[in-house]
file protein.txt (compact mmCIF, C-alpha atoms (C1' of nucleotides))
# COMPACT_ATOMS: atom_id res chain seq x y z
CA MET A 1 150.23 129.77 75.15
CA TYR A 2 153.53 130.41 76.84
CA LYS A 3 156.47 128.06 76.94
CA LYS A 4 156.63 125.73 79.91
CA LYS A 5 159.97 127.15 80.97
CA SER A 6 158.63 130.70 80.89
CA LYS A 7 155.73 129.74 83.07
CA ARG A 8 157.88 127.95 85.59
CA LEU A 9 160.40 130.77 85.73
CA ALA A 10 157.63 133.38 86.09
CA ARG A 11 156.20 131.32 88.93
CA TYR A 12 159.48 131.30 90.82
CA ALA A 13 160.08 134.95 90.07
CA LYS A 14 156.67 135.78 91.45
CA ALA A 15 157.56 134.03 94.68
CA LEU A 16 160.63 136.27 94.88
CA SER A 17 158.72 139.43 94.06
CA HIS A 18 158.26 140.62 97.62
CA PRO A 19 161.16 141.76 99.82
CA VAL A 20 159.94 139.88 102.87
CA ARG A 21 159.88 136.65 100.91
CA ILE A 22 163.41 137.31 99.73
CA GLU A 23 164.52 137.80 103.31
CA ILE A 24 162.64 134.76 104.56
CA LEU A 25 164.50 132.68 102.00
CA GLU A 26 167.80 134.25 103.02
CA LEU A 27 167.02 133.32 106.59
CA LEU A 28 166.33 129.73 105.58
CA GLU A 29 169.48 129.64 103.48
CA ASN A 30 171.60 130.71 106.45
CA GLU A 31 169.84 128.90 109.26
CA SER A 32 169.03 125.85 107.13
CA CYS A 33 165.61 125.87 108.75
CA CYS A 34 163.51 127.70 111.26
CA PHE A 35 160.10 128.08 112.83
CA THR A 36 157.31 130.42 111.84
CA GLY A 37 157.67 132.22 115.16
CA ASP A 38 161.30 133.07 114.47
CA MET A 39 160.28 134.94 111.36
CA VAL A 40 157.39 136.69 113.06
CA ASN A 41 159.96 138.10 115.48
CA VAL A 42 162.32 139.20 112.72
CA PHE A 43 159.87 141.05 110.50
CA PRO A 44 157.49 143.87 111.41
CA LEU A 45 154.43 142.02 110.13
CA ALA A 46 151.51 140.31 111.75
CA GLN A 47 151.73 136.57 112.36
CA SER A 48 148.94 135.93 109.89
CA THR A 49 150.75 137.89 107.21
CA ILE A 50 153.95 135.91 107.67
CA SER A 51 151.96 132.69 107.50
CA GLN A 52 150.47 133.89 104.24
CA HIS A 53 153.89 134.63 102.74
CA LEU A 54 155.14 131.23 103.86
CA LYS A 55 152.15 129.66 102.18
CA GLU A 56 153.00 131.38 98.92
CA LEU A 57 156.59 130.26 99.07
CA LYS A 58 155.34 126.75 99.76
CA ASN A 59 152.86 126.92 96.88
CA ALA A 60 155.63 128.05 94.57
CA GLY A 61 157.59 125.03 95.77
CA LEU A 62 160.56 126.94 97.15
CA ILE A 63 160.11 125.86 100.75
CA GLN A 64 158.60 123.01 102.65
CA GLY A 65 157.18 122.87 106.12
CA GLU A 66 157.36 120.01 108.55
CA LEU A 67 154.66 120.47 111.12
CA ASN A 68 154.78 119.04 114.59
CA PRO A 69 152.25 121.13 116.49
CA PRO A 70 152.23 123.57 117.94
CA LYS A 71 155.32 124.39 115.86
CA THR A 72 156.13 124.22 112.19
CA LYS A 73 159.69 124.01 110.91
CA TYR A 74 160.37 125.35 107.46
CA CYS A 75 163.29 124.75 105.16
CA ILE A 76 164.29 125.24 101.55
CA ASN A 77 162.97 122.70 99.07
CA GLN A 78 166.32 121.82 97.57
CA GLU A 79 164.96 120.18 94.46
CA ASN A 80 162.87 123.12 93.33
CA TRP A 81 165.45 125.58 94.55
CA ALA A 82 167.89 123.94 92.17
CA GLU A 83 165.37 124.14 89.37
CA ALA A 84 164.77 127.84 89.97
CA LYS A 85 168.50 128.39 89.97
CA ALA A 86 168.91 126.45 86.76
CA LEU A 87 166.08 128.28 85.01
CA LEU A 88 167.55 131.61 85.99
CA CYS A 89 171.02 130.61 84.88
CA ASP A 90 169.57 129.56 81.59
CA PHE A 91 167.56 132.75 81.25
CA PHE A 92 170.49 135.02 82.02
CA ASP A 93 172.82 133.09 79.75
CA MET A 94 174.97 131.92 82.58
CA ASP A 95 176.41 128.67 81.45
CA PHE A 96 177.15 126.33 84.29
CA SER A 97 177.91 123.36 82.13
CA LYS A 98 181.42 124.63 81.48
CA SER A 99 183.99 124.69 84.21
CA THR A 100 184.51 128.43 84.03
CA CYS A 101 182.12 131.29 83.89
CA SER A 102 182.09 135.01 84.31
CA ILE A 103 179.68 137.81 83.97
CA MET B 104 162.35 148.16 106.74
CA TYR B 105 163.79 145.73 104.29
CA LYS B 106 167.38 145.65 103.11
CA LYS B 107 168.15 147.63 99.99
CA LYS B 108 169.32 144.52 98.18
CA SER B 109 166.11 142.67 99.00
CA LYS B 110 164.04 145.51 97.65
CA ARG B 111 166.01 145.76 94.43
CA LEU B 112 165.94 142.02 93.89
CA ALA B 113 162.22 141.86 94.62
CA ARG B 114 161.70 144.65 92.10
CA TYR B 115 163.53 142.76 89.37
CA ALA B 116 161.82 139.52 90.28
CA LYS B 117 158.47 141.22 90.02
CA ALA B 118 159.31 142.33 86.50
CA LEU B 119 160.02 138.67 85.69
CA SER B 120 156.86 137.41 87.35
CA HIS B 121 154.73 137.15 84.21
CA PRO B 122 155.45 134.67 81.42
CA VAL B 123 154.92 137.19 78.65
CA ARG B 124 157.52 139.48 80.18
CA ILE B 125 159.95 136.58 80.39
CA GLU B 126 159.41 135.87 76.72
CA ILE B 127 159.67 139.53 75.72
CA LEU B 128 163.05 139.64 77.42
CA GLU B 129 164.11 136.43 75.70
CA LEU B 130 163.14 138.01 72.39
CA LEU B 131 165.24 141.07 73.18
CA GLU B 132 168.13 138.89 74.28
CA ASN B 133 168.11 137.03 70.97
CA GLU B 134 167.23 139.81 68.58
CA SER B 135 169.22 142.44 70.49
CA CYS B 136 166.32 144.79 69.90
CA CYS B 137 162.92 145.00 68.32
CA PHE B 138 159.81 147.05 67.82
CA THR B 139 156.60 146.96 69.81
CA GLY B 140 154.76 145.70 66.75
CA ASP B 141 157.00 142.65 66.48
CA MET B 142 155.94 141.57 69.94
CA VAL B 143 152.28 142.32 69.32
CA ASN B 144 152.51 139.83 66.44
CA VAL B 145 154.27 137.18 68.52
CA PHE B 146 151.95 137.14 71.54
CA PRO B 147 148.20 136.64 71.66
CA LEU B 148 147.59 139.87 73.54
CA ALA B 149 146.15 143.23 72.62
CA GLN B 150 148.53 145.96 71.56
CA SER B 151 147.67 148.01 74.63
CA THR B 152 148.45 145.07 76.90
CA ILE B 153 151.87 144.56 75.34
CA SER B 154 152.56 148.27 75.70
CA GLN B 155 151.66 147.98 79.36
CA HIS B 156 154.05 145.05 79.90
CA LEU B 157 156.79 146.94 78.12
CA LYS B 158 156.16 149.89 80.38
CA GLU B 159 156.57 147.70 83.44
CA LEU B 160 159.81 146.25 82.16
CA LYS B 161 160.98 149.80 81.49
CA ASN B 162 159.91 150.98 84.94
CA ALA B 163 161.81 148.09 86.48
CA GLY B 164 164.81 149.25 84.47
CA LEU B 165 165.31 146.03 82.53
CA ILE B 166 164.68 147.50 79.09
CA GLN B 167 164.89 150.84 77.41
CA GLY B 168 162.97 152.20 74.44
CA GLU B 169 164.29 154.49 71.79
CA LEU B 170 161.36 156.15 70.16
CA ASN B 171 161.36 157.52 66.65
CA PRO B 172 157.65 157.76 65.82
CA PRO B 173 155.66 156.07 64.74
CA LYS B 174 157.92 153.23 65.90
CA THR B 175 159.68 152.46 69.15
CA LYS B 176 162.69 150.21 69.33
CA TYR B 177 163.29 148.39 72.57
CA CYS B 178 166.41 146.74 73.88
CA ILE B 179 167.81 145.37 77.12
CA ASN B 180 169.20 147.90 79.56
CA GLN B 181 172.58 146.25 79.97
CA GLU B 182 173.55 148.05 83.12
CA ASN B 183 170.48 147.04 85.11
CA TRP B 184 170.40 143.64 83.48
CA ALA B 185 173.86 143.07 84.90
CA GLU B 186 172.72 144.26 88.29
CA ALA B 187 169.74 141.90 88.28
CA LYS B 188 172.05 139.07 87.29
CA ALA B 189 174.51 139.95 90.05
CA LEU B 190 171.80 140.20 92.70
CA LEU B 191 170.42 136.82 91.69
CA CYS B 192 173.86 135.24 91.66
CA ASP B 193 174.44 136.62 95.10
CA PHE B 194 171.07 135.45 96.34
CA PHE B 195 171.47 131.94 95.00
CA ASP B 196 175.02 131.66 96.29
CA MET B 197 176.49 131.47 92.86
CA ASP B 198 179.92 132.95 93.18
CA PHE B 199 181.13 134.61 90.03
CA SER B 200 184.17 136.18 91.59
CA LYS B 201 186.03 132.92 91.29
CA SER B 202 187.08 131.61 87.92
CA THR B 203 185.15 128.40 88.27
CA CYS B 204 181.68 127.66 89.41
CA SER B 205 179.16 124.89 89.38
CA ILE B 206 175.75 124.18 90.71
C1' DA C 207 145.53 170.10 55.29
C1' DT C 208 144.34 165.09 55.40
C1' DT C 209 145.35 160.69 55.93
C1' DT C 210 148.09 156.96 57.58
C1' DC C 211 150.59 154.36 60.73
C1' DA C 212 152.79 152.56 65.18
C1' DA C 213 152.65 152.95 69.81
C1' DA C 214 151.30 155.18 74.12
C1' DT C 215 147.74 156.41 77.16
C1' DC C 216 142.99 156.44 79.10
C1' DG C 217 139.08 154.37 81.17
C1' DT C 218 137.40 150.41 83.06
C1' DA C 219 136.35 145.75 84.85
C1' DA C 220 137.83 141.45 86.90
C1' DA C 221 141.05 139.18 89.47
C1' DA C 222 145.01 138.83 92.52
C1' DT C 223 147.97 140.61 96.25
C1' DT C 224 148.92 142.39 100.68
C1' DA C 225 147.88 143.35 105.20
C1' DC C 226 145.35 142.97 109.52
C1' DG C 227 142.58 141.19 113.59
C1' DA C 228 139.85 137.37 115.03
C1' DT C 229 139.10 132.67 115.11
C1' DT C 230 140.22 127.86 114.80
C1' DA C 231 143.13 123.68 115.11
C1' DG C 232 145.98 120.63 117.42
C1' DT C 233 149.13 119.22 120.67
C1' DA C 234 151.13 119.43 125.35
C1' DT C 235 150.69 120.79 130.10
C1' DT C 236 148.36 121.57 134.33
C1' DA D 237 138.67 118.86 131.68
C1' DA D 238 140.73 123.27 131.31
C1' DT D 239 144.77 126.10 129.80
C1' DA D 240 148.48 127.43 127.15
C1' DC D 241 150.97 127.73 123.11
C1' DT D 242 152.14 128.06 118.02
C1' DA D 243 150.61 128.46 113.62
C1' DA D 244 147.03 128.08 110.07
C1' DT D 245 142.83 129.78 108.33
C1' DC D 246 138.92 133.03 107.86
C1' DG D 247 136.88 137.36 106.79
C1' DT D 248 137.72 141.73 105.12
C1' DA D 249 139.50 146.10 103.16
C1' DA D 250 142.75 148.57 100.31
C1' DT D 251 145.72 148.32 96.69
C1' DT D 252 147.80 146.41 92.56
C1' DT D 253 147.81 143.66 88.42
C1' DT D 254 146.10 142.16 84.13
C1' DA D 255 143.47 142.63 80.19
C1' DC D 256 140.65 144.96 76.82
C1' DG D 257 138.70 148.51 73.51
C1' DA D 258 138.80 153.31 72.48
C1' DT D 259 141.29 157.38 72.07
C1' DT D 260 145.32 160.23 71.53
C1' DT D 261 149.98 161.36 69.99
C1' DG D 262 153.42 162.46 66.66
C1' DA D 263 155.81 162.05 62.67
C1' DA D 264 155.56 160.81 57.64
C1' DA D 265 153.21 160.44 53.31
C1' DT D 266 149.67 161.84 50.25
call {"tool": "encode", "arguments": {"input": "protein.txt", "output": "structure tokens"}}
result
Amino acid sequence: MYKKKSKRLARYAKALSHPVRIEILELLENESCCFTGDMVNVFPLAQSTISQHLKELKNAGLIQGELNPPKTKYCINQENWAEAKALLCDFFDMDFSKSTCSI
Amino acid sequence: MYKKKSKRLARYAKALSHPVRIEILELLENESCCFTGDMVNVFPLAQSTISQHLKELKNAGLIQGELNPPKTKYCINQENWAEAKALLCDFFDMDFSKSTCSI
DNA sequence: ATTTCAAATCGTAAAATTACGATTAGTATT
DNA sequence: AATACTAATCGTAATTTTACGATTTGAAAT
């Protein structure tokens, strides 16, 4: 079987493997949080499709949704976001434990 | 349509979205390069399946294969590897332009 | 000219992904 | 109670991914 780290990293990478999910996350990074409807207006996709992408991001653990009907407010899941970041840093040999780093 | 950066990042992320591809890349990072057969021995997958994963990594631009039959030697494509790294750094707000950085 | 060997490709089946329209759920308003 | 609104879920079709065994390729060795 695969290493735990590999599986977790692959899982996060999979969540990032569609451009609309990348841009949804960028939106959430900038706006800190927003509603499903906001994203439906930004992207040229059906409401159900956006909902599906949000669900995948949620399943991967990268976002979380706070629902107070009829609206749902999404934001980055900071804990898992940090883990994804850390796994990627590790994978790409980017050492953040030292005070300096460069590519 | 999506932003060019989003599409490129999604493309790289997709290449990383399977644990065996993560581990193949780790192998290539450590060993600097290796043959298809080496990987077939490491992972519990058929030779044709490994070949297919290698092809995907090659199509994504993350590795390159130098073939001198009957063997093929693979290694990281440094140029695109650096691009993937840079796109991810950018995406995760990890600023490498400064001399110091931390999570 | 055969045989051998590593690796790619082919053909195929099962499963997952992506997208959509239609429906449902759940609250707030009229 | 009926309506309105947002968002999730359902059902479905088309495409892509993942995996395998079998075959082919291409150079080297016999």
call {"tool": "residues_around", "arguments": {"input": "protein.txt", "residues": "range 261-265 of chain D", "least_positions_apart": "3", "cutoff": "8 Å", "atoms": "all atoms listed in the file", "output": "PyMOL selection string"}}
result
(chain B and resi 172-173) or (chain C and resi 210+214)
call {"tool": "calpha_fit_rmsd", "arguments": {"input": "protein.txt", "fixed": "chain A", "moving": "chain B"}}
result
0.1 Å
call {"tool": "closest_residue", "arguments": {"input": "protein.txt", "among": "D:DA249, D:DT260, D:DA255, D:DT242", "to": "chain B", "atoms": "all atoms listed in the file"}}
result
D:DA255
call {"tool": "interface_residues", "arguments": {"input": "protein.txt", "of": "chain B", "to": "chain D", "cutoff": "10 Å", "atoms": "only C-alpha atoms (C1' of nucleotides)", "output": "PyMOL selection string"}}
result
chain B and resi 121+148-153+155-156+171-174
call {"tool": "interface_residues", "arguments": {"input": "protein.txt", "of": "chain C", "to": "chain A", "cutoff": "7 Å", "atoms": "only C-alpha atoms (C1' of nucleotides)", "output": "PyMOL selection string"}}
result
chain C and resi 225+232-233
call {"tool": "write_last_selection", "arguments": {"input": "protein.txt", "atoms": "C-alpha atoms (C1' of nucleotides)", "output": "PDB file, in the frame of the given file"}}
result
ATOM      1  C1'  DA C 225     147.880 143.350 105.200  1.00  0.00           C
ATOM      2  C1'  DG C 232     145.980 120.630 117.420  1.00  0.00           C
ATOM      3  C1'  DT C 233     149.130 119.220 120.670  1.00  0.00           C
TER       4       DT C 233
END
call {"tool": "closest_residue", "arguments": {"input": "protein.txt", "among": "B:Val145, B:Leu157, B:Cys137, B:Cys178", "to": "chain A", "atoms": "only C-alpha atoms"}}
result
B:Val145
call {"tool": "closest_atom_pairs", "arguments": {"input": "protein.txt", "of": "chain A", "to": "chain B", "cutoff": "12 Å", "atoms": "only C-alpha atoms", "output": "JSON lines"}}
result
{"residue": "A:Met1", "atom": "CA", "partner": "B:Pro147", "partner_atom": "CA", "distance": 8.0}
{"residue": "A:Tyr2", "atom": "CA", "partner": "B:Pro122", "partner_atom": "CA", "distance": 6.5}
{"residue": "A:Lys3", "atom": "CA", "partner": "B:Pro122", "partner_atom": "CA", "distance": 8.1}
{"residue": "A:Lys4", "atom": "CA", "partner": "B:Pro122", "partner_atom": "CA", "distance": 9.1}
{"residue": "A:Lys5", "atom": "CA", "partner": "B:Pro122", "partner_atom": "CA", "distance": 8.8}
{"residue": "A:Ser6", "atom": "CA", "partner": "B:Pro122", "partner_atom": "CA", "distance": 5.1}
{"residue": "A:Lys7", "atom": "CA", "partner": "B:Pro122", "partner_atom": "CA", "distance": 5.2}
{"residue": "A:Arg8", "atom": "CA", "partner": "B:Pro122", "partner_atom": "CA", "distance": 8.3}
{"residue": "A:Leu9", "atom": "CA", "partner": "B:Pro122", "partner_atom": "CA", "distance": 7.6}
{"residue": "A:Ala10", "atom": "CA", "partner": "B:Ser120", "partner_atom": "CA", "distance": 4.3}
{"residue": "A:Arg11", "atom": "CA", "partner": "B:Ser120", "partner_atom": "CA", "distance": 6.3}
{"residue": "A:Tyr12", "atom": "CA", "partner": "B:Ser120", "partner_atom": "CA", "distance": 7.5}
{"residue": "A:Ala13", "atom": "CA", "partner": "B:Ser120", "partner_atom": "CA", "distance": 4.9}
{"residue": "A:Lys14", "atom": "CA", "partner": "B:Ser120", "partner_atom": "CA", "distance": 4.4}
{"residue": "A:Ala15", "atom": "CA", "partner": "B:Ser120", "partner_atom": "CA", "distance": 8.1}
{"residue": "A:Leu16", "atom": "CA", "partner": "B:Ala116", "partner_atom": "CA", "distance": 5.8}
{"residue": "A:Ser17", "atom": "CA", "partner": "B:Ala113", "partner_atom": "CA", "distance": 4.3}
{"residue": "A:His18", "atom": "CA", "partner": "B:Ala113", "partner_atom": "CA", "distance": 5.1}
{"residue": "A:Pro19", "atom": "CA", "partner": "B:Ser109", "partner_atom": "CA", "distance": 5.1}
{"residue": "A:Val20", "atom": "CA", "partner": "B:Tyr105", "partner_atom": "CA", "distance": 7.1}
{"residue": "A:Arg21", "atom": "CA", "partner": "B:Ala113", "partner_atom": "CA", "distance": 8.5}
{"residue": "A:Ile22", "atom": "CA", "partner": "B:Ser109", "partner_atom": "CA", "distance": 6.0}
{"residue": "A:Glu23", "atom": "CA", "partner": "B:Ser109", "partner_atom": "CA", "distance": 6.7}
{"residue": "A:Ile24", "atom": "CA", "partner": "B:Ser109", "partner_atom": "CA", "distance": 10.3}
{"residue": "A:Leu25", "atom": "CA", "partner": "B:Phe194", "partner_atom": "CA", "distance": 9.1}
{"residue": "A:Glu26", "atom": "CA", "partner": "B:Phe194", "partner_atom": "CA", "distance": 7.5}
{"residue": "A:Leu27", "atom": "CA", "partner": "B:Phe194", "partner_atom": "CA", "distance": 11.2}
{"residue": "A:Leu28", "atom": "CA", "partner": "B:Phe194", "partner_atom": "CA", "distance": 11.9}
{"residue": "A:Glu29", "atom": "CA", "partner": "B:Phe195", "partner_atom": "CA", "distance": 9.0}
{"residue": "A:Asn30", "atom": "CA", "partner": "B:Asp196", "partner_atom": "CA", "distance": 10.8}
{"residue": "A:Val42", "atom": "CA", "partner": "B:Tyr105", "partner_atom": "CA", "distance": 10.8}
{"residue": "A:Phe43", "atom": "CA", "partner": "B:Met104", "partner_atom": "CA", "distance": 8.4}
{"residue": "A:Pro44", "atom": "CA", "partner": "B:Met104", "partner_atom": "CA", "distance": 8.0}
{"residue": "A:Leu45", "atom": "CA", "partner": "B:Met104", "partner_atom": "CA", "distance": 10.6}
{"residue": "A:Ala60", "atom": "CA", "partner": "B:Ser120", "partner_atom": "CA", "distance": 11.9}
{"residue": "A:Ile76", "atom": "CA", "partner": "B:Phe195", "partner_atom": "CA", "distance": 11.8}
{"residue": "A:Gln78", "atom": "CA", "partner": "B:Phe195", "partner_atom": "CA", "distance": 11.6}
{"residue": "A:Trp81", "atom": "CA", "partner": "B:Phe195", "partner_atom": "CA", "distance": 8.8}
{"residue": "A:Ala82", "atom": "CA", "partner": "B:Ile206", "partner_atom": "CA", "distance": 8.0}
{"residue": "A:Glu83", "atom": "CA", "partner": "B:Ile206", "partner_atom": "CA", "distance": 10.5}
{"residue": "A:Ala84", "atom": "CA", "partner": "B:Phe195", "partner_atom": "CA", "distance": 9.3}
{"residue": "A:Lys85", "atom": "CA", "partner": "B:Phe195", "partner_atom": "CA", "distance": 6.8}
{"residue": "A:Ala86", "atom": "CA", "partner": "B:Ile206", "partner_atom": "CA", "distance": 8.2}
{"residue": "A:Leu87", "atom": "CA", "partner": "B:Ile125", "partner_atom": "CA", "distance": 11.3}
{"residue": "A:Leu88", "atom": "CA", "partner": "B:Leu191", "partner_atom": "CA", "distance": 8.2}
{"residue": "A:Cys89", "atom": "CA", "partner": "B:Cys192", "partner_atom": "CA", "distance": 8.7}
{"residue": "A:Asp90", "atom": "CA", "partner": "B:Glu129", "partner_atom": "CA", "distance": 10.6}
{"residue": "A:Phe91", "atom": "CA", "partner": "B:Glu129", "partner_atom": "CA", "distance": 7.5}
{"residue": "A:Phe92", "atom": "CA", "partner": "B:Lys188", "partner_atom": "CA", "distance": 6.8}
{"residue": "A:Asp93", "atom": "CA", "partner": "B:Glu132", "partner_atom": "CA", "distance": 9.2}
{"residue": "A:Met94", "atom": "CA", "partner": "B:Lys188", "partner_atom": "CA", "distance": 9.0}
{"residue": "A:Asp95", "atom": "CA", "partner": "B:Ser205", "partner_atom": "CA", "distance": 9.2}
{"residue": "A:Phe96", "atom": "CA", "partner": "B:Ser205", "partner_atom": "CA", "distance": 5.7}
{"residue": "A:Ser97", "atom": "CA", "partner": "B:Ser205", "partner_atom": "CA", "distance": 7.5}
{"residue": "A:Lys98", "atom": "CA", "partner": "B:Ser205", "partner_atom": "CA", "distance": 8.2}
{"residue": "A:Ser99", "atom": "CA", "partner": "B:Thr203", "partner_atom": "CA", "distance": 5.6}
{"residue": "A:Thr100", "atom": "CA", "partner": "B:Thr203", "partner_atom": "CA", "distance": 4.3}
{"residue": "A:Cys101", "atom": "CA", "partner": "B:Thr203", "partner_atom": "CA", "distance": 6.1}
{"residue": "A:Ser102", "atom": "CA", "partner": "B:Phe199", "partner_atom": "CA", "distance": 5.8}
{"residue": "A:Ile103", "atom": "CA", "partner": "B:Phe199", "partner_atom": "CA", "distance": 7.0}
call {"tool": "write_last_selection", "arguments": {"input": "protein.txt", "atoms": "C-alpha atoms", "output": "PDB file, keeping the file's coordinate frame"}}
result
ATOM      1  CA  MET A   1     150.230 129.770  75.150  1.00  0.00           C
ATOM      2  CA  TYR A   2     153.530 130.410  76.840  1.00  0.00           C
ATOM      3  CA  LYS A   3     156.470 128.060  76.940  1.00  0.00           C
ATOM      4  CA  LYS A   4     156.630 125.730  79.910  1.00  0.00           C
ATOM      5  CA  LYS A   5     159.970 127.150  80.970  1.00  0.00           C
ATOM      6  CA  SER A   6     158.630 130.700  80.890  1.00  0.00           C
ATOM      7  CA  LYS A   7     155.730 129.740  83.070  1.00  0.00           C
ATOM      8  CA  ARG A   8     157.880 127.950  85.590  1.00  0.00           C
ATOM      9  CA  LEU A   9     160.400 130.770  85.730  1.00  0.00           C
ATOM     10  CA  ALA A  10     157.630 133.380  86.090  1.00  0.00           C
ATOM     11  CA  ARG A  11     156.200 131.320  88.930  1.00  0.00           C
ATOM     12  CA  TYR A  12     159.480 131.300  90.820  1.00  0.00           C
ATOM     13  CA  ALA A  13     160.080 134.950  90.070  1.00  0.00           C
ATOM     14  CA  LYS A  14     156.670 135.780  91.450  1.00  0.00           C
ATOM     15  CA  ALA A  15     157.560 134.030  94.680  1.00  0.00           C
ATOM     16  CA  LEU A  16     160.630 136.270  94.880  1.00  0.00           C
ATOM     17  CA  SER A  17     158.720 139.430  94.060  1.00  0.00           C
ATOM     18  CA  HIS A  18     158.260 140.620  97.620  1.00  0.00           C
ATOM     19  CA  PRO A  19     161.160 141.760  99.820  1.00  0.00           C
ATOM     20  CA  VAL A  20     159.940 139.880 102.870  1.00  0.00           C
ATOM     21  CA  ARG A  21     159.880 136.650 100.910  1.00  0.00           C
ATOM     22  CA  ILE A  22     163.410 137.310  99.730  1.00  0.00           C
ATOM     23  CA  GLU A  23     164.520 137.800 103.310  1.00  0.00           C
ATOM     24  CA  ILE A  24     162.640 134.760 104.560  1.00  0.00           C
ATOM     25  CA  LEU A  25     164.500 132.680 102.000  1.00  0.00           C
ATOM     26  CA  GLU A  26     167.800 134.250 103.020  1.00  0.00           C
ATOM     27  CA  LEU A  27     167.020 133.320 106.590  1.00  0.00           C
ATOM     28  CA  LEU A  28     166.330 129.730 105.580  1.00  0.00           C
ATOM     29  CA  GLU A  29     169.480 129.640 103.480  1.00  0.00           C
ATOM     30  CA  ASN A  30     171.600 130.710 106.450  1.00  0.00           C
ATOM     31  CA  VAL A  42     162.320 139.200 112.720  1.00  0.00           C
ATOM     32  CA  PHE A  43     159.870 141.050 110.500  1.00  0.00           C
ATOM     33  CA  PRO A  44     157.490 143.870 111.410  1.00  0.00           C
ATOM     34  CA  LEU A  45     154.430 142.020 110.130  1.00  0.00           C
ATOM     35  CA  ALA A  60     155.630 128.050  94.570  1.00  0.00           C
ATOM     36  CA  ILE A  76     164.290 125.240 101.550  1.00  0.00           C
ATOM     37  CA  GLN A  78     166.320 121.820  97.570  1.00  0.00           C
ATOM     38  CA  TRP A  81     165.450 125.580  94.550  1.00  0.00           C
ATOM     39  CA  ALA A  82     167.890 123.940  92.170  1.00  0.00           C
ATOM     40  CA  GLU A  83     165.370 124.140  89.370  1.00  0.00           C
ATOM     41  CA  ALA A  84     164.770 127.840  89.970  1.00  0.00           C
ATOM     42  CA  LYS A  85     168.500 128.390  89.970  1.00  0.00           C
ATOM     43  CA  ALA A  86     168.910 126.450  86.760  1.00  0.00           C
ATOM     44  CA  LEU A  87     166.080 128.280  85.010  1.00  0.00           C
ATOM     45  CA  LEU A  88     167.550 131.610  85.990  1.00  0.00           C
ATOM     46  CA  CYS A  89     171.020 130.610  84.880  1.00  0.00           C
ATOM     47  CA  ASP A  90     169.570 129.560  81.590  1.00  0.00           C
ATOM     48  CA  PHE A  91     167.560 132.750  81.250  1.00  0.00           C
ATOM     49  CA  PHE A  92     170.490 135.020  82.020  1.00  0.00           C
ATOM     50  CA  ASP A  93     172.820 133.090  79.750  1.00  0.00           C
ATOM     51  CA  MET A  94     174.970 131.920  82.580  1.00  0.00           C
ATOM     52  CA  ASP A  95     176.410 128.670  81.450  1.00  0.00           C
ATOM     53  CA  PHE A  96     177.150 126.330  84.290  1.00  0.00           C
ATOM     54  CA  SER A  97     177.910 123.360  82.130  1.00  0.00           C
ATOM     55  CA  LYS A  98     181.420 124.630  81.480  1.00  0.00           C
ATOM     56  CA  SER A  99     183.990 124.690  84.210  1.00  0.00           C
ATOM     57  CA  THR A 100     184.510 128.430  84.030  1.00  0.00           C
ATOM     58  CA  CYS A 101     182.120 131.290  83.890  1.00  0.00           C
ATOM     59  CA  SER A 102     182.090 135.010  84.310  1.00  0.00           C
ATOM     60  CA  ILE A 103     179.680 137.810  83.970  1.00  0.00           C
TER      61      ILE A 103
END
call {"tool": "atom_distance", "arguments": {"input": "protein.txt", "atom1": "C1' of DA221 in chain C", "atom2": "CA of Lys58 in chain A"}}
result
21.6 Å
call {"tool": "atom_distance", "arguments": {"input": "protein.txt", "atom1": "CA of Asn77 in chain A", "atom2": "CA of Val40 in chain A"}}
result
20.6 Å
call {"tool": "atom_distance", "arguments": {"input": "protein.txt", "atom1": "C1' of DA228 in chain C", "atom2": "CA of Glu66 in chain A"}}
result
25.5 Å
call {"tool": "closest_residue", "arguments": {"input": "protein.txt", "among": "A:Ser51, A:Asn80, A:Met39, A:Glu56", "to": "DT223 in chain C", "atoms": "all atoms listed in the file"}}
result
A:Glu56
call {"tool": "axis_aligned_box", "arguments": {"input": "protein.txt", "around": "range 247-263 of chain D", "padding_each_side": "4 Å", "output": "JSON"}}
result
{"center_x": 146.3, "center_y": 149.9, "center_z": 84.7, "size_x": 26.9, "size_y": 33.1, "size_z": 52.1}
